[in-house]
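Take a look at the structure below.
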Amino acid sequence: MQDFSDKELVGMFRNGGNPSYAFNLIVRKYQERVYWHIRKMVMCHDDTDDLVQDVFVKAWKGLENFREDSRLFTWLYRIATNETLAFLKKRQKKQALPLSDVENYLSNTLESDEYFNGDAIQLKLQKALLTLPEKQRLVFNMRYFDELKYEEISKILGTSVGALKASYHYAVQKVEKYLEEN
Amino acid sequence: MNKDSNIPNFGDSLKKNPFSVPDGYFDSLPSRIQEKCVKPVPKRSWVKTLIPQLGFVVGFVVLVLIAKGFFGIVGQTPENPQANVAQVTDTTMYYDENGEQFYADEDIAIDDAIISYLVDNNISDIDIVQE
């Protein structure tokens, strides 16, 4: 498959005469990154699968009005983040779970997930991450696993770089403490 | 490996992705997404929607103004049309003794009493003019 730049892909979508083909290329280019971004937050493959599809359907509907002042990837990440946070909130309300039980719920989901192949230490790290508030967990995932720059995370979450650095710092401290204690 | 000092070194194994997906998942995902997508109807902003209609309205108003201006000049009616008719009617055509046609410099108001007087005294309009 030929590698097209984001600009070329968006141009093909808008003016190429075959938006379906162009969008298919966009999905193929970003599906894995979007998937893993969501998966690290909701843990379960089936939930992630539903969310990824929702994200791309929203992207399909919104791409016509996408302003190219941000990167296509940043834009997709932002949709994915919003969808994920909305999903977690909805599930918490639906199951009437207090915040502390959300952590247990996700932890159980993680352990019972047939598509979790991590070893004991990886499981421990994931459980440590589940003790973090959702926004802090997002920041940690994007910085630690995805190695995104603070500036990029700032564009995705709409938070200042300073606040993100502080958030990441606290997240690391909590994770280190959890790993030491467990 | 990331050299950023902000990124904690929990060990290389922790950076590995512990999750997996069903076989062929990413091969089939694009087509499943495609099935859910239909061609988006581009949303037109209210400004874009309004511009053609506004153009139509402006065009119509301009046409009305042009028509009004044109017919205003050609078909202008006097404030009191009867006065004009009376003016024309009252302009009397005279003939001098040589039979040359001429008009009185001023309109002569028709007054029944004057006419009766002139008829009674056998004074013709020519006599009046010559006087």
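Residue names in the structure tokens use chain letters A, B, ... in the order shown, residue numbers from 1 in each chain, and ligand numbers from 1 in the order shown.
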At a cut-off of 8 Å, using only C-alpha atoms, what residues contact A:Tyr168? Leave out same-chain residues fewer than 2 positions from it and give the result as an mmCIF file with all heavy atoms, in the first residue's frame.
data_model
loop_
_atom_site.group_PDB
_atom_site.id
_atom_site.type_symbol
_atom_site.label_atom_id
_atom_site.label_comp_id
_atom_site.auth_asym_id
_atom_site.auth_seq_id
_atom_site.Cartn_x
_atom_site.Cartn_y
_atom_site.Cartn_z
ATOM 1 N N GLN A 136 -5.239 11.068 34.387
ATOM 2 C CA GLN A 136 -3.825 10.811 34.679
ATOM 3 C C GLN A 136 -3.353 9.549 33.954
ATOM 4 O O GLN A 136 -2.236 9.476 33.452
ATOM 5 C CB GLN A 136 -3.665 10.627 36.191
ATOM 6 C CG GLN A 136 -2.583 11.515 36.804
ATOM 7 C CD GLN A 136 -2.578 11.455 38.298
ATOM 8 O OE1 GLN A 136 -2.434 10.371 38.896
ATOM 9 N NE2 GLN A 136 -2.719 12.606 38.940
ATOM 10 N N VAL A 139 -2.772 10.383 30.352
ATOM 11 C CA VAL A 139 -1.495 11.095 30.173
ATOM 12 C C VAL A 139 -0.335 10.102 30.278
ATOM 13 O O VAL A 139 0.594 10.119 29.455
ATOM 14 C CB VAL A 139 -1.335 12.211 31.244
ATOM 15 C CG1 VAL A 139 0.029 12.868 31.138
ATOM 16 C CG2 VAL A 139 -2.430 13.257 31.091
ATOM 17 N N PHE A 140 -0.404 9.222 31.269
ATOM 18 C CA PHE A 140 0.679 8.246 31.433
ATOM 19 C C PHE A 140 0.793 7.354 30.189
ATOM 20 O O PHE A 140 1.893 7.132 29.677
ATOM 21 C CB PHE A 140 0.426 7.375 32.683
ATOM 22 C CG PHE A 140 1.560 6.437 32.979
ATOM 23 C CD1 PHE A 140 2.601 6.818 33.834
ATOM 24 C CD2 PHE A 140 1.623 5.173 32.395
ATOM 25 C CE1 PHE A 140 3.667 5.961 34.103
ATOM 26 C CE2 PHE A 140 2.680 4.316 32.656
ATOM 27 C CZ PHE A 140 3.697 4.699 33.512
ATOM 28 N N ARG A 143 2.222 9.243 27.216
ATOM 29 C CA ARG A 143 3.626 9.645 27.373
ATOM 30 C C ARG A 143 4.545 8.418 27.458
ATOM 31 O O ARG A 143 5.566 8.352 26.787
ATOM 32 C CB ARG A 143 3.760 10.502 28.652
ATOM 33 C CG ARG A 143 5.109 11.110 28.858
ATOM 34 C CD ARG A 143 5.347 12.299 27.956
ATOM 35 N NE ARG A 143 6.738 12.718 28.052
ATOM 36 C CZ ARG A 143 7.595 12.641 27.040
ATOM 37 N NH1 ARG A 143 7.201 12.223 25.864
ATOM 38 N NH2 ARG A 143 8.835 13.043 27.194
ATOM 39 N N LEU A 164 0.156 18.992 32.237
ATOM 40 C CA LEU A 164 0.411 17.607 31.809
ATOM 41 C C LEU A 164 1.673 17.051 32.466
ATOM 42 O O LEU A 164 1.705 15.888 32.896
ATOM 43 C CB LEU A 164 0.567 17.545 30.286
ATOM 44 C CG LEU A 164 -0.704 17.752 29.462
ATOM 45 C CD1 LEU A 164 -0.376 17.845 27.981
ATOM 46 C CD2 LEU A 164 -1.698 16.617 29.699
ATOM 47 N N LYS A 165 2.697 17.901 32.530
ATOM 48 C CA LYS A 165 3.958 17.461 33.154
ATOM 49 C C LYS A 165 3.718 17.121 34.618
ATOM 50 O O LYS A 165 4.212 16.100 35.127
ATOM 51 C CB LYS A 165 5.023 18.553 33.029
ATOM 52 C CG LYS A 165 5.632 18.631 31.639
ATOM 53 C CD LYS A 165 6.689 19.720 31.560
ATOM 54 C CE LYS A 165 7.289 19.768 30.163
ATOM 55 N NZ LYS A 165 8.230 20.870 29.978
ATOM 56 N N ALA A 166 2.947 17.966 35.288
ATOM 57 C CA ALA A 166 2.646 17.715 36.699
ATOM 58 C C ALA A 166 1.844 16.432 36.848
ATOM 59 O O ALA A 166 2.125 15.586 37.710
ATOM 60 C CB ALA A 166 1.863 18.897 37.268
ATOM 61 N N TYR A 170 2.995 13.013 38.897
ATOM 62 C CA TYR A 170 2.223 12.375 39.973
ATOM 63 C C TYR A 170 1.891 10.926 39.612
ATOM 64 O O TYR A 170 1.935 10.036 40.468
ATOM 65 C CB TYR A 170 0.930 13.144 40.246
ATOM 66 C CG TYR A 170 1.153 14.447 40.970
ATOM 67 C CD1 TYR A 170 0.676 15.645 40.456
ATOM 68 C CD2 TYR A 170 1.857 14.489 42.181
ATOM 69 C CE1 TYR A 170 0.895 16.854 41.109
ATOM 70 C CE2 TYR A 170 2.076 15.700 42.842
ATOM 71 C CZ TYR A 170 1.590 16.876 42.293
ATOM 72 O OH TYR A 170 1.800 18.061 42.937
ATOM 73 N N ALA A 171 1.566 10.716 38.349
ATOM 74 C CA ALA A 171 1.220 9.356 37.908
ATOM 75 C C ALA A 171 2.398 8.413 38.103
ATOM 76 O O ALA A 171 2.243 7.300 38.632
ATOM 77 C CB ALA A 171 0.787 9.385 36.442
ATOM 78 N N VAL A 172 3.578 8.874 37.699
ATOM 79 C CA VAL A 172 4.786 8.040 37.837
ATOM 80 C C VAL A 172 5.047 7.728 39.311
ATOM 81 O O VAL A 172 5.346 6.574 39.676
ATOM 82 C CB VAL A 172 6.010 8.749 37.201
ATOM 83 C CG1 VAL A 172 7.310 8.029 37.558
ATOM 84 C CG2 VAL A 172 5.855 8.815 35.695
#
Could you list, as a PDB file with C-alpha atoms, in the first residue's frame, the residues of chain A having an atom within 7 Å of chain B when counting only C-alpha atoms?
ATOM      1  CA  ASN A  24     -10.312   3.146   3.957  1.00  0.00           C
ATOM      2  CA  VAL A  27      -8.504   3.634   8.697  1.00  0.00           C
ATOM      3  CA  ARG A  28      -5.700   1.305   7.656  1.00  0.00           C
ATOM      4  CA  GLN A  53     -15.708   1.522  15.097  1.00  0.00           C
ATOM      5  CA  PHE A  56     -14.006   5.974  12.821  1.00  0.00           C
ATOM      6  CA  VAL A  57     -17.689   6.400  12.021  1.00  0.00           C
ATOM      7  CA  TRP A  60     -16.105   9.679   8.618  1.00  0.00           C
ATOM      8  CA  LYS A  61     -18.945  12.031   9.393  1.00  0.00           C
ATOM      9  CA  GLU A  64     -15.622  16.876   5.629  1.00  0.00           C
ATOM     10  CA  TYR A 115      -6.448 -11.328  24.855  1.00  0.00           C
ATOM     11  CA  PHE A 116      -4.206 -10.267  27.705  1.00  0.00           C
ATOM     12  CA  ASN A 117      -0.879 -12.018  27.278  1.00  0.00           C
ATOM     13  CA  GLY A 118       1.211 -10.079  29.758  1.00  0.00           C
ATOM     14  CA  GLN A 122       2.967  -6.418  33.289  1.00  0.00           C
ATOM     15  CA  TYR A 144       5.037   6.331  28.557  1.00  0.00           C
ATOM     16  CA  PHE A 145       3.700   3.826  26.029  1.00  0.00           C
TER      17      PHE A 145
END
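Proximity ranking of A:Tyr30, A:Leu72, A:Ala22, A:Met43 relative to A:Lys7 places A:Leu72 first, based on only C-alpha atoms.
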Students should find that atom CA of A:Leu110 and atom CA of A:Gln126 are spaced 8.4 Å
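Note that atom CA of A:Lys94 and atom CA of A:Asp49 are 19.6 Å apart.
Atom pair atom CA of A:Gly17 / atom CA of A:Asp54 has a distance of 24.2 Å (rounded to one decimal).
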